[in-house]
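What follows is the content of structure_31.txt (compact mmCIF, C-alpha atoms).
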```
# COMPACT_ATOMS: atom_id res chain seq x y z
CA MET A 1 6.57 -28.30 20.26
CA VAL A 2 5.44 -25.01 18.72
CA ASP A 3 4.43 -22.16 21.04
CA ILE A 4 1.45 -20.32 19.51
CA LEU A 5 0.46 -18.39 22.67
CA TYR A 6 -2.63 -20.55 23.29
CA ASN A 7 -3.15 -24.08 24.56
CA TYR A 8 -3.70 -26.54 21.74
CA TYR A 9 -4.35 -30.26 21.46
CA ARG A 10 -3.89 -32.81 18.72
CA PHE A 11 -6.72 -35.30 18.28
CA GLY A 12 -7.93 -38.00 15.91
CA SER A 13 -6.47 -41.25 14.65
CA ALA A 14 -2.93 -42.19 15.64
CA SER A 15 -2.17 -43.15 12.03
CA SER A 16 -3.64 -40.03 10.46
CA ASN A 17 -1.49 -38.15 7.97
CA ASP A 18 -3.43 -35.00 8.84
CA ILE A 19 -2.53 -32.90 11.86
CA ASP A 20 -5.90 -32.16 13.44
CA ILE A 21 -5.62 -29.51 16.15
CA LEU A 22 -8.01 -27.91 18.63
CA ILE A 23 -6.94 -24.45 19.83
CA ASP A 24 -8.47 -23.17 23.07
CA HIS A 25 -8.96 -19.50 22.19
CA PRO A 26 -10.43 -16.85 24.55
CA GLN A 27 -12.03 -14.99 21.63
CA ALA A 28 -13.91 -18.01 20.30
CA LEU A 29 -17.55 -17.31 19.45
CA GLY A 30 -18.58 -20.78 18.36
CA ALA A 31 -19.26 -19.40 14.88
CA GLU A 32 -17.89 -19.85 11.37
CA SER A 33 -16.20 -16.45 11.76
CA ASP A 34 -13.78 -18.12 14.21
CA LYS A 35 -11.93 -19.37 11.14
CA GLU A 36 -10.41 -15.88 10.99
CA LEU A 37 -8.74 -16.56 14.34
CA TYR A 38 -6.85 -19.59 13.08
CA GLN A 39 -6.07 -17.93 9.76
CA ASN A 40 -4.44 -15.10 11.71
CA LEU A 41 -2.44 -17.63 13.72
CA LYS A 42 -1.27 -19.37 10.55
CA ARG A 43 -0.05 -16.05 9.18
CA LYS A 44 1.77 -15.31 12.44
CA PHE A 45 3.22 -18.82 12.79
CA PRO A 46 3.98 -20.21 9.29
CA GLU A 47 5.13 -23.51 10.81
CA ILE A 48 1.48 -24.40 11.56
CA ALA A 49 0.25 -23.69 8.03
CA HIS A 50 -0.37 -27.41 7.44
CA TRP A 51 -2.48 -27.90 10.59
CA ASP A 52 -6.20 -28.59 10.23
CA ILE A 53 -7.48 -26.34 13.02
CA ASN A 54 -10.72 -25.98 14.94
CA ILE A 55 -11.08 -23.04 17.33
CA ILE A 56 -12.70 -24.08 20.59
CA GLN A 57 -13.24 -22.76 24.09
CA ILE A 58 -12.91 -24.83 27.25
CA ASP A 59 -14.66 -23.79 30.46
CA ASN A 60 -14.34 -25.79 33.68
CA GLY A 61 -13.15 -28.88 31.84
CA LYS A 62 -15.87 -28.80 29.19
CA ILE A 63 -15.64 -27.73 25.57
CA THR A 64 -18.30 -25.05 25.24
CA LYS A 65 -17.59 -23.60 21.78
CA SER A 66 -16.58 -25.08 18.43
CA ILE A 67 -16.74 -23.91 14.83
CA PRO A 68 -20.05 -25.52 13.71
CA SER A 69 -18.73 -26.88 10.41
CA LYS A 70 -15.81 -28.49 12.26
CA GLY A 71 -18.07 -30.55 14.50
CA SER A 72 -20.69 -30.26 17.22
CA ILE A 73 -19.48 -29.38 20.72
CA ASP A 74 -20.33 -32.78 22.18
CA ALA A 75 -18.60 -34.68 19.36
CA VAL A 76 -15.47 -32.52 19.51
CA HIS A 77 -15.28 -32.90 23.31
CA ASN A 78 -15.58 -36.68 23.27
CA SER A 79 -13.24 -37.02 20.31
CA LEU A 80 -10.50 -35.22 22.22
CA ALA A 81 -11.31 -37.26 25.34
CA ASP A 82 -10.87 -40.51 23.41
CA THR A 83 -7.84 -39.64 21.28
CA TYR A 84 -5.73 -37.17 23.29
CA ALA A 85 -3.52 -40.02 24.57
CA LEU A 86 -2.76 -41.19 21.01
CA HIS A 87 -0.54 -38.17 20.30
CA LYS A 88 2.41 -36.29 21.73
CA GLN A 89 0.92 -33.20 23.33
CA ALA A 90 2.23 -29.74 24.20
CA HIS A 91 -0.31 -29.17 26.96
CA ALA A 92 -1.92 -31.19 29.75
CA PHE A 93 -5.24 -32.96 29.21
CA PRO A 94 -7.87 -30.23 29.76
CA LEU A 95 -11.19 -32.08 30.02
CA ILE A 96 -13.33 -33.40 32.85
CA GLY A 97 -15.52 -36.34 31.90
CA ARG A 98 -17.49 -36.76 28.70
CA GLN A 99 -20.50 -35.01 27.17
CA LYS A 100 -23.80 -36.66 26.33
CA ARG A 101 -24.01 -37.00 22.57
CA ASN A 102 -26.85 -35.23 20.79
CA ILE A 103 -28.01 -37.99 18.45
CA LEU A 104 -30.52 -35.82 16.61
CA LEU A 105 -27.92 -33.15 15.84
CA ALA A 106 -25.50 -35.81 14.59
CA ILE A 107 -28.19 -37.17 12.27
CA ILE A 108 -28.95 -33.70 10.95
CA LYS A 109 -25.29 -32.92 10.30
CA CYS A 110 -24.80 -36.25 8.52
CA THR A 111 -27.87 -36.05 6.30
CA LYS A 112 -27.27 -32.40 5.41
CA THR A 113 -23.67 -33.10 4.48
CA LEU A 114 -24.66 -35.98 2.21
CA LEU A 115 -26.98 -33.68 0.27
CA THR A 116 -25.12 -30.38 0.29
CA ILE A 117 -21.66 -31.76 -0.53
CA PHE A 118 -22.72 -31.82 -4.18
CA LYS A 119 -23.05 -28.05 -4.41
CA ILE A 120 -19.27 -27.59 -4.07
CA THR A 121 -18.44 -30.26 -6.64
CA LYS A 122 -18.51 -30.32 -10.42
CA ARG A 123 -22.02 -31.76 -10.10
CA LYS A 124 -23.62 -28.48 -9.07
CA GLU A 125 -26.49 -28.97 -11.52
CA TYR A 126 -27.41 -32.28 -9.88
CA TYR A 127 -27.56 -30.46 -6.56
CA LYS A 128 -29.49 -27.49 -7.97
CA HIS A 129 -32.22 -29.50 -9.68
CA ASP A 130 -32.44 -32.74 -7.69
CA LEU A 131 -31.26 -32.05 -4.15
CA ARG A 132 -31.64 -28.38 -3.28
CA PRO A 133 -35.47 -28.39 -3.62
CA ILE A 134 -35.62 -31.26 -1.10
CA VAL A 135 -33.40 -29.42 1.37
CA ILE A 136 -35.41 -26.20 1.03
CA ASN A 137 -38.75 -27.98 1.34
CA GLY A 138 -37.70 -29.24 4.76
CA ASN A 139 -39.66 -32.51 4.74
CA PHE A 140 -37.46 -34.95 6.63
CA GLU A 141 -39.10 -38.06 5.20
CA GLN A 142 -38.38 -36.79 1.68
CA ILE A 143 -34.81 -36.00 2.72
CA LEU A 144 -34.26 -39.59 3.87
CA ASN A 145 -35.82 -40.97 0.69
CA LYS A 146 -33.56 -38.75 -1.43
CA ILE A 147 -30.46 -39.91 0.45
CA ASN A 148 -31.34 -43.48 -0.54
CA GLN A 149 -31.34 -42.34 -4.17
CA LEU A 150 -28.06 -40.38 -4.14
CA ASN A 151 -26.04 -40.98 -7.28
CA PHE A 152 -22.32 -41.54 -6.70
CA SER A 153 -21.72 -43.22 -10.06
CA GLU A 154 -20.10 -40.03 -11.40
CA SER A 155 -17.04 -38.51 -9.75
CA LEU A 156 -17.42 -35.37 -7.65
CA PHE A 157 -14.21 -33.63 -8.69
CA ASP A 158 -11.72 -33.74 -11.56
CA ASP A 159 -8.92 -34.26 -9.04
CA PRO A 160 -8.78 -38.01 -8.21
CA GLN A 161 -7.21 -37.41 -4.78
CA ARG A 162 -9.93 -34.97 -3.82
CA ASN A 163 -12.51 -37.59 -4.78
CA LEU A 164 -10.85 -40.15 -2.51
CA ASP A 165 -10.62 -37.64 0.36
CA THR A 166 -14.30 -36.75 0.01
CA TYR A 167 -15.51 -40.34 -0.22
CA LYS A 168 -13.51 -41.15 2.92
CA SER A 169 -14.96 -38.18 4.80
CA LEU A 170 -18.54 -38.95 3.78
CA ILE A 171 -18.48 -42.67 4.56
CA PHE A 172 -16.72 -42.03 7.88
CA ARG A 173 -19.54 -39.68 8.88
CA VAL A 174 -22.16 -42.21 7.76
CA GLY A 175 -20.55 -45.00 9.78
CA GLN A 176 -20.09 -42.76 12.81
CA THR A 177 -23.77 -41.84 12.73
CA ILE A 178 -24.97 -45.43 12.37
CA SER A 179 -22.75 -46.39 15.31
CA LEU A 180 -23.92 -43.47 17.44
CA ILE A 181 -27.56 -44.44 16.89
CA ASN A 182 -26.58 -47.83 18.30
CA GLY A 183 -24.81 -46.35 21.32
CA ILE A 184 -21.23 -46.57 20.03
CA GLU A 185 -18.91 -43.59 19.57
CA VAL A 186 -16.21 -43.95 16.90
CA TYR A 187 -13.45 -41.37 16.53
CA THR A 188 -10.51 -43.16 14.89
CA LYS A 189 -9.90 -44.90 11.58
CA GLU A 190 -8.71 -47.97 13.44
CA ASP A 191 -11.94 -48.33 15.42
CA PHE A 192 -14.01 -47.53 12.34
CA LYS A 193 -12.43 -50.35 10.35
CA LYS A 194 -13.10 -52.80 13.19
CA TYR A 195 -16.82 -52.06 12.97
CA TYR A 196 -16.96 -51.68 9.18
CA PRO A 197 -14.19 -53.83 7.65
CA ASP A 198 -15.79 -53.73 4.20
CA LEU A 199 -15.27 -49.95 4.18
CA ALA A 200 -11.55 -50.12 4.98
CA ASN A 201 -10.47 -49.41 1.40
CA ILE A 202 -12.53 -46.23 1.25
CA ILE A 203 -11.16 -45.11 4.63
CA ASP A 204 -7.64 -45.81 3.36
CA ARG A 205 -8.38 -43.77 0.22
CA LYS A 206 -7.90 -46.66 -2.17
CA ILE A 207 -9.39 -46.63 -5.66
CA ILE A 208 -12.35 -49.01 -5.70
CA ASP A 209 -15.93 -49.08 -6.96
CA ILE A 210 -17.65 -47.11 -4.20
CA VAL A 211 -21.19 -47.27 -5.62
CA PRO A 212 -22.37 -50.57 -4.08
CA LEU A 213 -20.87 -49.72 -0.69
CA PHE A 214 -22.37 -46.26 -0.60
CA SER A 215 -25.73 -47.71 -1.64
CA LYS A 216 -25.54 -50.33 1.11
CA TYR A 217 -24.63 -47.94 3.90
CA LEU A 218 -26.89 -45.07 2.86
CA ASN A 219 -29.75 -47.57 2.93
CA LEU A 220 -28.66 -48.80 6.36
CA LEU A 221 -28.34 -45.24 7.63
CA THR A 222 -31.85 -44.28 6.58
CA GLU A 223 -33.29 -47.50 8.00
CA GLU A 224 -31.63 -46.84 11.37
CA ILE A 225 -32.90 -43.25 11.39
CA LYS A 226 -36.45 -44.26 10.51
CA PHE A 227 -36.42 -46.89 13.27
CA LEU A 228 -35.84 -44.12 15.84
CA GLY A 229 -39.26 -42.66 15.14
CA ILE A 230 -38.11 -39.08 14.56
CA LYS A 231 -41.11 -36.76 14.22
CA GLN A 232 -41.50 -33.66 12.10
CA THR A 233 -43.23 -30.97 14.19
CA LEU A 234 -42.88 -27.97 11.86
CA LYS A 235 -41.34 -27.20 8.50
CA ASN A 236 -37.59 -27.82 8.92
CA VAL A 237 -38.09 -28.84 12.57
CA ILE A 238 -37.66 -32.43 13.72
CA GLN A 239 -37.98 -34.00 17.16
CA TYR A 240 -36.41 -36.98 18.89
CA ASP A 241 -36.18 -37.86 22.58
CA GLU A 242 -37.67 -34.52 23.72
CA THR A 243 -35.17 -32.57 21.60
CA GLU A 244 -36.31 -30.33 18.75
CA ILE A 245 -33.83 -28.99 16.21
CA ASP A 246 -34.23 -26.80 13.14
CA PHE A 247 -32.80 -28.84 10.25
CA ARG A 248 -31.59 -25.83 8.29
CA THR A 249 -30.04 -23.76 11.10
CA GLU A 250 -29.08 -26.71 13.37
CA LYS A 251 -30.39 -24.69 16.32
CA ASN A 252 -31.89 -26.48 19.30
CA ILE A 253 -35.36 -24.98 19.70
CA THR A 254 -36.63 -27.31 22.43
CA ASN A 255 -39.16 -25.44 24.60
CA SER A 256 -38.48 -22.20 22.74
```
Show me the file's structure as structure tokens.
Amino acid sequence: MVDILYNYYRFGSASSNDIDILIDHPQALGAESDKELYQNLKRKFPEIAHWDINIIQIDNGKITKSIPSKGSIDAVHNSLADTYALHKQAHAFPLIGRQKRNILLAIIKCTKTLLTIFKITKRKEYYKHDLRPIVINGNFEQILNKINQLNFSESLFDDPQRNLDTYKSLIFRVGQTISLINGIEVYTKEDFKKYYPDLANIIDRKIIDIVPLFSKYLNLLTEEIKFLGIKQTLKNVIQYDETEIDFRTEKNITNS
């Protein structure tokens, strides 16, 4: 195993072709700027250049910091808890127990990703004119309605493999969120396909007509979210189960 000076842990599906790694780093801030830490490590240790890394911090058996775009703290913690044993590891299991999942934050991350993914694709104009105004307006009901209308009939990228990778990532997040709303945590492809067998081809990055499946599951996602009775308390602020979060910043503002 590679020695990179810090404890690190592989996580995720046993069959994954990706090498997903969490590095417990003392300088972690829990910010996007932490990407510089793993970029520095990749320069220092070229043999880890192909790793997909998230910088975390573990305190007293709990993950307390994570790069936001790489996953919420609670999701990253439980993902490692559930999948650590699926991989050969360089370091002993570091966690104590599980963390309570923040359902509202998971919903926000999922819905934002579904809308904002378009701004980094060749369909930037679709995002600019159809989706961005909805995101900026901050009306959560309108956001859910727009998700039901998302148009996946045109490809996102010119690179076919990148399209397949993105479709897989998006539908995995959608399925994870639907499951979480129903009290089930899913962190591997194998478990995902047990719950959603009709999505197996997308998860396996096979070329199929994704439009009807995306339509089906985006509709199911929004129905499940609406059933929760999430309330909008302020512009960009939504509330569920005594938790209030700013949709745009993803900050928990409960009792602030």
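As for atom CA of A:Asn102 and atom CA of A:Thr188, they are spaced 19.1 Å apart.
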Taking every listed atom of stretch 40-51 of chain A and adding 8 Å to each side, what centre and edge lengths in Å (one decimal) does the axis-aligned box have, as AutoDock Vina command-line options?
```
--center_x 0.3 --center_y -21.5 --center_z 10.6 --size_x 25.6 --size_y 28.8 --size_z 22.3
```
>> Env of stretch 14-27 of chain A: 8 Å cut, atoms = all atoms listed in the file, seq-sep filter 4 positions within chain, self excluded. Answer as a PyMOL selection string.
In response: chain A and resi 6-10+50-58+83+86-87+188-189
> Contacts of A:Leu105 at 9 Å or less, counting all atoms listed in the file, minus same-chain residues fewer than 5 places along, as a PyMOL selection string?
Replying inline: chain A and resi 72+110+245+247+250-252
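The closest residue to A:Asn236, picked from A:Gly138, A:Pro160, A:Pro197, A:Gly175 and counting all atoms listed in the file, is A:Gly138.
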> In Å, with one decimal, what is the gap from atom CA of A:Glu125 to atom CA of A:Phe140?
Replying inline: 22.0 Å
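With all atoms listed in the file as the atoms that count, the minimum distance from A:Lys35 to the choices A:Pro212, A:Pro68, A:Gly61, A:Gly12 is reached by A:Pro68.
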